[in-house]
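> This structure is in structure tokens; I'll ask about it shortly.
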Amino acid sequence: MALGLEQVAALPDPIGEITDMKRRPSGIQVGKMRVPIGVVGIIYEARPNVTADAAALCLKSGNAAILRGGKEALRANQVIAVCVREGLAKAGLPERAVQVIDTTDRAAVGHLITMPEFVDVIVPRGGKGLIERISKEARVPVIKHLDGNCHVYIDAAADPLKAMRILENAKTQRYGTCNTAESLLVAQAVAEAQLPALARMLTAHGVEIRGCPETCRLVPSAKSATLEDYATEYLAPIISCKVVEGLDEAIEHINRYSSQHTEAIVTENYTHAMRFLREVDSASVMVNASTRFADGFEFGLGAEIGISTDKFHARGPVGLDGLTSQKWIVLGDGEVRA
């Protein structure tokens with residue numbers, strides 16, 4: 001947690017940054033300035049490191065934060081909040097700029113998410129049930145992702161060694177994270193040569209494979225997959241698998257079944273890689289890299305307030321820039337409109 005705070009502190013201050021300045025025929029200069037959103041409410045379960053990360057990101061981006069953690073980490077959150085308030089006081093900042101809600105009563109969340117006059121945005125971090133409830137009941141804008149049904153596509157032009165390494169890391173490094181691969185797609189042209197070896201690797205890690213008929217033919221130990229399997233975030237040692245005709249079917253399958261979180265292609269074909277980047281409609285899209293990199297720390301954000309699969313206002317890992325807005329600014333020298 002301390003390392004994360006130091007990294008956030010070392011990041012450039014986004015507030016007040018002026019970009020896109022252009023001089024208009026009238027003589028005025030028009031551009032944009034980055035500004036804070038205001039009051040950010042973060043609702044999260046368990047993980048007390050979120051208390052420190054959220055406080056740091058909100059402060060660095062000029063926002064106030066209201067934090068409501070889960071009952072499992074209430075005492076840890078309270079102690080971390082004390083440390084934060086002490087730091088604020090020493091820095092000459094208002095101690096109440098970061099507030100931790102002490103009650104674990106669910107009604108407190110209901111009040112927080114229906115107070116647009118006091119809260120500018122809500123960021124829920126936790127299980128799908130929590131996020132669905134927040135999304136349904138909130139009267140405040142929400143930055144969220146419901147689940148992470150992430151895909152790895154092994155293209156016809158994939159390097160087998162890269163494919164093995166990337167899939168192993170994407171699926172087996174950790175099972176309970178939103179950027180873990182839950183679905184494997186393999187091009188028909190290389191399925192016979194590569195899928196059995198990939199399956200042996202997964203099985204050695206204790207991963208259950210649920211596949212299409214062609215997968216089950218090539219991997220006798222695989223179970224038959226249902227349509228629901230292709231849309232499921234397992235958060236467990238289970239993976240769905242489908243042999244696809246090629247890139248077109250892979251993109252179509254991903255855009256149909258994914259949760260628009262993170263997808264990866266393994267390929268040595270530049271044209272296929274660029275098409276995958278352009279046409280896959282997810283928050284993070286990768287070429288020859290593990291889906292596990294979809295993370296604010298790994299993306300150089302220092303830490304993240306969360307990951308968004310929405311298209312407004314932020315998308316993907318949300319760091320400092322995602323906690324800001326922009327306003328138009330005009331610089332003139334006495335100009336008036338004709």
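By convention here, the chains of the structure tokens are called A, B, ... in the order presented, each chain's residues are numbered starting at 1, and ligands are numbered starting at 1 in the order presented.
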Extract, using only C-alpha atoms, all DNA, RNA and protein residues at most 9 Å from Gln99 (chain A), discarding same-chain residues fewer than 4 positions from it, and format them as a list in words.
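Within the cut-off, the hits are Ala55, Ala64, Ala65, Ile66, Leu67, Arg68, Ala81, Arg85 and Glu95 of chain A.
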> Hey, can you spit out that residue selection with N, CA, C and O atoms as a short mmCIF file (atom, residue, chain, number, x, y, z; two decimals), in the first residue's frame?

```
data_model
loop_
_atom_site.label_atom_id
_atom_site.label_comp_id
_atom_site.auth_asym_id
_atom_site.auth_seq_id
_atom_site.Cartn_x
_atom_site.Cartn_y
_atom_site.Cartn_z
N ALA A 55 -7.98 6.81 -1.60
CA ALA A 55 -7.68 8.10 -0.98
C ALA A 55 -6.60 8.83 -1.77
O ALA A 55 -6.71 10.03 -2.06
N ALA A 64 -12.52 15.06 -3.36
CA ALA A 64 -12.78 14.54 -2.02
C ALA A 64 -13.30 13.12 -2.18
O ALA A 64 -13.85 12.76 -3.21
N ALA A 65 -13.12 12.30 -1.14
CA ALA A 65 -13.51 10.89 -1.23
C ALA A 65 -14.35 10.49 -0.03
O ALA A 65 -14.04 10.86 1.12
N ILE A 66 -15.41 9.74 -0.31
CA ILE A 66 -16.20 9.10 0.75
C ILE A 66 -16.07 7.60 0.52
O ILE A 66 -16.46 7.08 -0.53
N LEU A 67 -15.49 6.91 1.49
CA LEU A 67 -15.16 5.50 1.33
C LEU A 67 -16.03 4.64 2.23
O LEU A 67 -16.15 4.89 3.43
N ARG A 68 -16.60 3.61 1.63
CA ARG A 68 -17.42 2.67 2.41
C ARG A 68 -16.94 1.26 2.10
O ARG A 68 -17.27 0.70 1.07
N ALA A 81 -7.62 4.87 7.62
CA ALA A 81 -8.22 6.21 7.53
C ALA A 81 -7.58 7.17 8.52
O ALA A 81 -7.37 8.35 8.20
N ARG A 85 -5.80 10.67 7.53
CA ARG A 85 -6.14 11.97 8.12
C ARG A 85 -4.92 12.64 8.74
O ARG A 85 -4.75 13.86 8.64
N GLU A 95 -8.78 17.55 6.78
CA GLU A 95 -8.82 16.14 7.17
C GLU A 95 -10.07 15.45 6.64
O GLU A 95 -10.06 14.24 6.38
#
```
> If we count only C-alpha atoms, what is near Arg200 (chain A) at a cut-off of 12 Å, once residues fewer than 5 positions away on the same chain are taken out, given as a count of residues only?
14
> Residues of region 96-189 of chain A in alpha helix (DSSP H) according to DSSP, as a PyMOL selection string?
chain A and resi 106-112+128-137+160-172+188-189
> Do you have, as CSV, the list of residues of region 170-212 of chain A lying at most 6 Å from region 289-310 of chain A, each with its nearest atom pair and that distance in Å to one decimal, counting only C-alpha atoms and ordered by chain then number?

```
residue,atom,partner,partner_atom,distance
A:Ala170,CA,A:Ser290,CA,5.0
A:Asn179,CA,A:Arg292,CA,5.2
A:Thr180,CA,A:Arg292,CA,5.9
```
> Between A:Glu228, A:Glu263, A:Asp20, A:Glu6, which has the minimum distance to Ile251 (chain A) (counting only C-alpha atoms)?
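Smallest separation from Ile251 (chain A) among the options: A:Glu263.
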> Could you pull the residues within 10 Å of Ile143 (chain A), counting only C-alpha atoms, minus those fewer than 6 positions along the same chain, as a PyMOL selection string?
chain A and resi 42+121-125+131+135+305-315+318+322-323
> Using Å and a single decimal, report how far CA of Asn49 (chain A) sits from CA of Arg96 (chain A).
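Taking CA of Arg96 (chain A) as the start and CA of Asn49 (chain A) as the end point, the length is 19.3 Å.
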> One decimal, in Å: what's the spacing between CA of Thr177 (chain A) and CA of Leu235 (chain A)?
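About the pair CA of Thr177 (chain A) and CA of Leu235 (chain A): they are 6.7 Å apart.
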> Could you give me, as a list in words, the residues within 12 Å of Arg47 (chain A), counting only C-alpha atoms and dropping anything in the same chain fewer than 2 positions from it?
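Close residues of Arg47 (chain A): Met1, Ile43, Tyr44, Glu45, Asn49, Val50, Thr51, Ala52, Asp53, Ala54, Arg68, Gly69, Gly70, Lys71, Glu72, Ala73, Leu74, Arg75, Ala76, Asn77, Ile80, Arg125 and Gly126 of chain A.
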> Determine the nearest neighbour of Leu202 (chain A) from the options A:Pro237, A:Gly334, A:Gly319, A:Gly127, counting only C-alpha atoms.
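Residue with the minimum atom-to-atom distance to Leu202 (chain A): A:Pro237.
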> Measuring between only C-alpha atoms, which one of A:Glu214, A:Ala10, A:Gln78, A:Thr262 shows the shortest distance to Ile101 (chain A)?
A:Gln78
> Which residue gives the smallest distance to Ala236 (chain A) among A:Asn149, A:Thr103, A:Ser61, A:Gln326, with only C-alpha atoms counted?
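Selected residue with least distance to Ala236 (chain A): A:Asn149.
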> Tell me, as a list in words, which residues lie within 9 Å of Val280 (chain A), counting only C-alpha atoms; anything in the same chain fewer than 5 positions away does not count.
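Residues near the query, excluding close chain neighbours: Ile251, Glu252, Ile254, Asn255, Gln260, Glu263, Arg275 and Val285 of chain A.
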> Could those selected residues go to a file with N, CA and C atoms, as an mmCIF file, in the first residue's frame?

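Written file, again.cif:
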```
data_model
loop_
_atom_site.group_PDB
_atom_site.id
_atom_site.type_symbol
_atom_site.label_atom_id
_atom_site.label_comp_id
_atom_site.auth_asym_id
_atom_site.auth_seq_id
_atom_site.Cartn_x
_atom_site.Cartn_y
_atom_site.Cartn_z
ATOM 1 N N ILE A 251 -13.598 -12.653 -33.542
ATOM 2 C CA ILE A 251 -14.070 -11.310 -33.189
ATOM 3 C C ILE A 251 -15.577 -11.325 -32.947
ATOM 4 N N GLU A 252 -16.308 -12.026 -33.803
ATOM 5 C CA GLU A 252 -17.757 -12.101 -33.636
ATOM 6 C C GLU A 252 -18.120 -12.772 -32.306
ATOM 7 N N ILE A 254 -16.258 -13.007 -29.539
ATOM 8 C CA ILE A 254 -15.871 -12.150 -28.410
ATOM 9 C C ILE A 254 -16.872 -11.018 -28.220
ATOM 10 N N ASN A 255 -17.227 -10.345 -29.296
ATOM 11 C CA ASN A 255 -18.157 -9.217 -29.175
ATOM 12 C C ASN A 255 -19.554 -9.666 -28.740
ATOM 13 N N GLN A 260 -16.785 -7.162 -22.239
ATOM 14 C CA GLN A 260 -16.113 -5.943 -22.716
ATOM 15 C C GLN A 260 -15.054 -5.457 -21.731
ATOM 16 N N GLU A 263 -9.448 -8.503 -23.746
ATOM 17 C CA GLU A 263 -9.291 -9.602 -24.692
ATOM 18 C C GLU A 263 -7.873 -9.550 -25.258
ATOM 19 N N ARG A 275 -6.480 -5.590 -36.941
ATOM 20 C CA ARG A 275 -7.932 -5.779 -37.029
ATOM 21 C C ARG A 275 -8.522 -6.125 -35.666
ATOM 22 N N VAL A 285 -7.606 -4.166 -25.028
ATOM 23 C CA VAL A 285 -7.386 -5.156 -26.082
ATOM 24 C C VAL A 285 -5.880 -5.294 -26.269
#
```
> Using backbone DSSP assignments, extract all strand (DSSP E or B) residues from region 165-321 of chain A; output them as a PDB file with N, CA, C and O atoms, in the first residue's frame.

```
ATOM      1  N   ALA A 181      -8.259 -14.812 -17.755  1.00  0.00           N
ATOM      2  CA  ALA A 181      -8.919 -15.347 -18.950  1.00  0.00           C
ATOM      3  C   ALA A 181      -9.932 -16.419 -18.546  1.00  0.00           C
ATOM      4  O   ALA A 181      -9.623 -17.319 -17.772  1.00  0.00           O
ATOM      5  N   GLU A 182     -11.139 -16.295 -19.075  1.00  0.00           N
ATOM      6  CA  GLU A 182     -12.199 -17.273 -18.805  1.00  0.00           C
ATOM      7  C   GLU A 182     -12.589 -18.047 -20.066  1.00  0.00           C
ATOM      8  O   GLU A 182     -13.308 -19.048 -19.970  1.00  0.00           O
ATOM      9  N   SER A 183     -12.141 -17.580 -21.236  1.00  0.00           N
ATOM     10  CA  SER A 183     -12.507 -18.215 -22.503  1.00  0.00           C
ATOM     11  C   SER A 183     -11.284 -18.296 -23.411  1.00  0.00           C
ATOM     12  O   SER A 183     -10.517 -17.346 -23.521  1.00  0.00           O
ATOM     13  N   LEU A 184     -11.151 -19.447 -24.068  1.00  0.00           N
ATOM     14  CA  LEU A 184     -10.069 -19.684 -25.020  1.00  0.00           C
ATOM     15  C   LEU A 184     -10.666 -19.943 -26.392  1.00  0.00           C
ATOM     16  O   LEU A 184     -11.561 -20.788 -26.535  1.00  0.00           O
ATOM     17  N   LEU A 185     -10.176 -19.216 -27.393  1.00  0.00           N
ATOM     18  CA  LEU A 185     -10.561 -19.440 -28.774  1.00  0.00           C
ATOM     19  C   LEU A 185      -9.326 -19.851 -29.557  1.00  0.00           C
ATOM     20  O   LEU A 185      -8.254 -19.252 -29.385  1.00  0.00           O
ATOM     21  N   VAL A 186      -9.468 -20.878 -30.402  1.00  0.00           N
ATOM     22  CA  VAL A 186      -8.328 -21.384 -31.173  1.00  0.00           C
ATOM     23  C   VAL A 186      -8.731 -21.476 -32.639  1.00  0.00           C
ATOM     24  O   VAL A 186      -9.788 -22.037 -32.968  1.00  0.00           O
ATOM     25  N   ALA A 187      -7.899 -20.923 -33.525  1.00  0.00           N
ATOM     26  CA  ALA A 187      -8.181 -20.984 -34.948  1.00  0.00           C
ATOM     27  C   ALA A 187      -8.135 -22.432 -35.433  1.00  0.00           C
ATOM     28  O   ALA A 187      -7.250 -23.209 -35.031  1.00  0.00           O
ATOM     29  N   GLU A 208     -10.487 -27.163 -15.415  1.00  0.00           N
ATOM     30  CA  GLU A 208     -11.493 -27.924 -16.159  1.00  0.00           C
ATOM     31  C   GLU A 208     -11.808 -27.202 -17.461  1.00  0.00           C
ATOM     32  O   GLU A 208     -12.015 -25.991 -17.478  1.00  0.00           O
ATOM     33  N   ILE A 209     -11.847 -27.955 -18.578  1.00  0.00           N
ATOM     34  CA  ILE A 209     -12.101 -27.379 -19.893  1.00  0.00           C
ATOM     35  C   ILE A 209     -13.515 -27.747 -20.328  1.00  0.00           C
ATOM     36  O   ILE A 209     -13.902 -28.914 -20.313  1.00  0.00           O
ATOM     37  N   ARG A 210     -14.284 -26.727 -20.720  1.00  0.00           N
ATOM     38  CA  ARG A 210     -15.629 -26.927 -21.253  1.00  0.00           C
ATOM     39  C   ARG A 210     -15.627 -26.423 -22.692  1.00  0.00           C
ATOM     40  O   ARG A 210     -15.466 -25.225 -22.926  1.00  0.00           O
ATOM     41  N   GLY A 211     -15.784 -27.353 -23.654  1.00  0.00           N
ATOM     42  CA  GLY A 211     -15.545 -26.979 -25.029  1.00  0.00           C
ATOM     43  C   GLY A 211     -16.626 -27.331 -26.013  1.00  0.00           C
ATOM     44  O   GLY A 211     -17.590 -28.057 -25.705  1.00  0.00           O
ATOM     45  N   LYS A 223     -15.241 -31.277 -21.155  1.00  0.00           N
ATOM     46  CA  LYS A 223     -16.688 -31.430 -21.032  1.00  0.00           C
ATOM     47  C   LYS A 223     -17.374 -30.562 -22.096  1.00  0.00           C
ATOM     48  O   LYS A 223     -16.821 -29.562 -22.538  1.00  0.00           O
ATOM     49  N   SER A 224     -18.579 -30.927 -22.479  1.00  0.00           N
ATOM     50  CA  SER A 224     -19.310 -30.155 -23.471  1.00  0.00           C
ATOM     51  C   SER A 224     -19.722 -28.805 -22.885  1.00  0.00           C
ATOM     52  O   SER A 224     -20.242 -28.741 -21.773  1.00  0.00           O
ATOM     53  N   ILE A 238     -11.754 -23.104 -14.227  1.00  0.00           N
ATOM     54  CA  ILE A 238     -12.608 -23.591 -15.313  1.00  0.00           C
ATOM     55  C   ILE A 238     -12.418 -22.627 -16.481  1.00  0.00           C
ATOM     56  O   ILE A 238     -12.301 -21.414 -16.276  1.00  0.00           O
ATOM     57  N   ILE A 239     -12.387 -23.153 -17.702  1.00  0.00           N
ATOM     58  CA  ILE A 239     -12.270 -22.298 -18.870  1.00  0.00           C
ATOM     59  C   ILE A 239     -13.151 -22.848 -19.984  1.00  0.00           C
ATOM     60  O   ILE A 239     -13.260 -24.060 -20.159  1.00  0.00           O
ATOM     61  N   SER A 240     -13.820 -21.955 -20.706  1.00  0.00           N
ATOM     62  CA  SER A 240     -14.573 -22.383 -21.889  1.00  0.00           C
ATOM     63  C   SER A 240     -13.630 -22.332 -23.083  1.00  0.00           C
ATOM     64  O   SER A 240     -12.688 -21.527 -23.117  1.00  0.00           O
ATOM     65  N   CYS A 241     -13.882 -23.194 -24.068  1.00  0.00           N
ATOM     66  CA  CYS A 241     -12.983 -23.269 -25.215  1.00  0.00           C
ATOM     67  C   CYS A 241     -13.793 -23.511 -26.480  1.00  0.00           C
ATOM     68  O   CYS A 241     -14.735 -24.317 -26.480  1.00  0.00           O
ATOM     69  N   LYS A 242     -13.433 -22.811 -27.543  1.00  0.00           N
ATOM     70  CA  LYS A 242     -14.115 -22.997 -28.832  1.00  0.00           C
ATOM     71  C   LYS A 242     -13.098 -22.926 -29.956  1.00  0.00           C
ATOM     72  O   LYS A 242     -12.240 -22.040 -29.962  1.00  0.00           O
ATOM     73  N   VAL A 243     -13.202 -23.865 -30.879  1.00  0.00           N
ATOM     74  CA  VAL A 243     -12.405 -23.816 -32.096  1.00  0.00           C
ATOM     75  C   VAL A 243     -13.194 -22.992 -33.108  1.00  0.00           C
ATOM     76  O   VAL A 243     -14.355 -23.293 -33.397  1.00  0.00           O
ATOM     77  N   VAL A 244     -12.577 -21.926 -33.625  1.00  0.00           N
ATOM     78  CA  VAL A 244     -13.250 -21.014 -34.553  1.00  0.00           C
ATOM     79  C   VAL A 244     -12.586 -21.088 -35.913  1.00  0.00           C
ATOM     80  O   VAL A 244     -11.421 -21.463 -36.045  1.00  0.00           O
ATOM     81  N   THR A 262     -11.444  -7.327 -21.081  1.00  0.00           N
ATOM     82  CA  THR A 262     -10.104  -7.463 -21.647  1.00  0.00           C
ATOM     83  C   THR A 262     -10.043  -8.679 -22.563  1.00  0.00           C
ATOM     84  O   THR A 262     -10.503  -9.761 -22.180  1.00  0.00           O
ATOM     85  N   GLU A 263      -9.448  -8.503 -23.746  1.00  0.00           N
ATOM     86  CA  GLU A 263      -9.291  -9.602 -24.692  1.00  0.00           C
ATOM     87  C   GLU A 263      -7.873  -9.550 -25.258  1.00  0.00           C
ATOM     88  O   GLU A 263      -7.292  -8.469 -25.408  1.00  0.00           O
ATOM     89  N   ALA A 264      -7.334 -10.737 -25.623  1.00  0.00           N
ATOM     90  CA  ALA A 264      -5.977 -10.811 -26.160  1.00  0.00           C
ATOM     91  C   ALA A 264      -5.941 -11.706 -27.388  1.00  0.00           C
ATOM     92  O   ALA A 264      -6.650 -12.714 -27.460  1.00  0.00           O
ATOM     93  N   ILE A 265      -5.110 -11.336 -28.338  1.00  0.00           N
ATOM     94  CA  ILE A 265      -4.828 -12.174 -29.498  1.00  0.00           C
ATOM     95  C   ILE A 265      -3.358 -12.563 -29.468  1.00  0.00           C
ATOM     96  O   ILE A 265      -2.504 -11.747 -29.110  1.00  0.00           O
ATOM     97  N   VAL A 266      -3.075 -13.819 -29.823  1.00  0.00           N
ATOM     98  CA  VAL A 266      -1.700 -14.275 -29.993  1.00  0.00           C
ATOM     99  C   VAL A 266      -1.505 -14.497 -31.486  1.00  0.00           C
ATOM    100  O   VAL A 266      -2.160 -15.359 -32.082  1.00  0.00           O
ATOM    101  N   SER A 284      -9.978  -3.054 -22.740  1.00  0.00           N
ATOM    102  CA  SER A 284      -8.545  -3.288 -22.960  1.00  0.00           C
ATOM    103  C   SER A 284      -8.405  -4.403 -23.991  1.00  0.00           C
ATOM    104  O   SER A 284      -9.033  -5.459 -23.850  1.00  0.00           O
ATOM    105  N   VAL A 285      -7.606  -4.166 -25.028  1.00  0.00           N
ATOM    106  CA  VAL A 285      -7.386  -5.156 -26.082  1.00  0.00           C
ATOM    107  C   VAL A 285      -5.880  -5.294 -26.269  1.00  0.00           C
ATOM    108  O   VAL A 285      -5.167  -4.297 -26.394  1.00  0.00           O
ATOM    109  N   MET A 286      -5.392  -6.541 -26.300  1.00  0.00           N
ATOM    110  CA  MET A 286      -3.956  -6.794 -26.236  1.00  0.00           C
ATOM    111  C   MET A 286      -3.485  -7.686 -27.377  1.00  0.00           C
ATOM    112  O   MET A 286      -4.227  -8.557 -27.837  1.00  0.00           O
ATOM    113  N   VAL A 287      -2.255  -7.482 -27.787  1.00  0.00           N
ATOM    114  CA  VAL A 287      -1.608  -8.317 -28.788  1.00  0.00           C
ATOM    115  C   VAL A 287      -0.396  -8.977 -28.140  1.00  0.00           C
ATOM    116  O   VAL A 287       0.484  -8.288 -27.607  1.00  0.00           O
ATOM    117  N   GLY A 306     -10.577   1.640 -10.006  1.00  0.00           N
ATOM    118  CA  GLY A 306     -11.413   0.546 -10.464  1.00  0.00           C
ATOM    119  C   GLY A 306     -11.215   0.356 -11.955  1.00  0.00           C
ATOM    120  O   GLY A 306     -10.371   1.015 -12.574  1.00  0.00           O
ATOM    121  N   ILE A 307     -11.973  -0.554 -12.532  1.00  0.00           N
ATOM    122  CA  ILE A 307     -11.937  -0.781 -13.973  1.00  0.00           C
ATOM    123  C   ILE A 307     -13.340  -0.561 -14.517  1.00  0.00           C
ATOM    124  O   ILE A 307     -14.312  -1.069 -13.960  1.00  0.00           O
ATOM    125  N   SER A 308     -13.420   0.181 -15.593  1.00  0.00           N
ATOM    126  CA  SER A 308     -14.717   0.506 -16.180  1.00  0.00           C
ATOM    127  C   SER A 308     -14.893  -0.205 -17.516  1.00  0.00           C
ATOM    128  O   SER A 308     -14.006  -0.157 -18.372  1.00  0.00           O
ATOM    129  N   GLY A 316     -11.766   1.168 -19.066  1.00  0.00           N
ATOM    130  CA  GLY A 316     -10.572   0.436 -18.672  1.00  0.00           C
ATOM    131  C   GLY A 316     -10.144   0.817 -17.265  1.00  0.00           C
ATOM    132  O   GLY A 316     -10.931   1.361 -16.474  1.00  0.00           O
ATOM    133  N   PRO A 317      -8.887   0.514 -16.890  1.00  0.00           N
ATOM    134  CA  PRO A 317      -8.405   0.923 -15.566  1.00  0.00           C
ATOM    135  C   PRO A 317      -8.536   2.433 -15.378  1.00  0.00           C
ATOM    136  O   PRO A 317      -8.129   3.200 -16.245  1.00  0.00           O
ATOM    137  N   VAL A 318      -9.119   2.832 -14.263  1.00  0.00           N
ATOM    138  CA  VAL A 318      -9.391   4.249 -14.015  1.00  0.00           C
ATOM    139  C   VAL A 318      -8.374   4.782 -13.017  1.00  0.00           C
ATOM    140  O   VAL A 318      -8.385   4.421 -11.841  1.00  0.00           O
TER     141      VAL A 318
END
```
> A:Pro14, A:Gly27, A:Gly246, A:Gly148: which is nearest Cys58 (chain A), counting only C-alpha atoms?
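With only C-alpha atoms as the atom set, the closest residue is A:Pro14.
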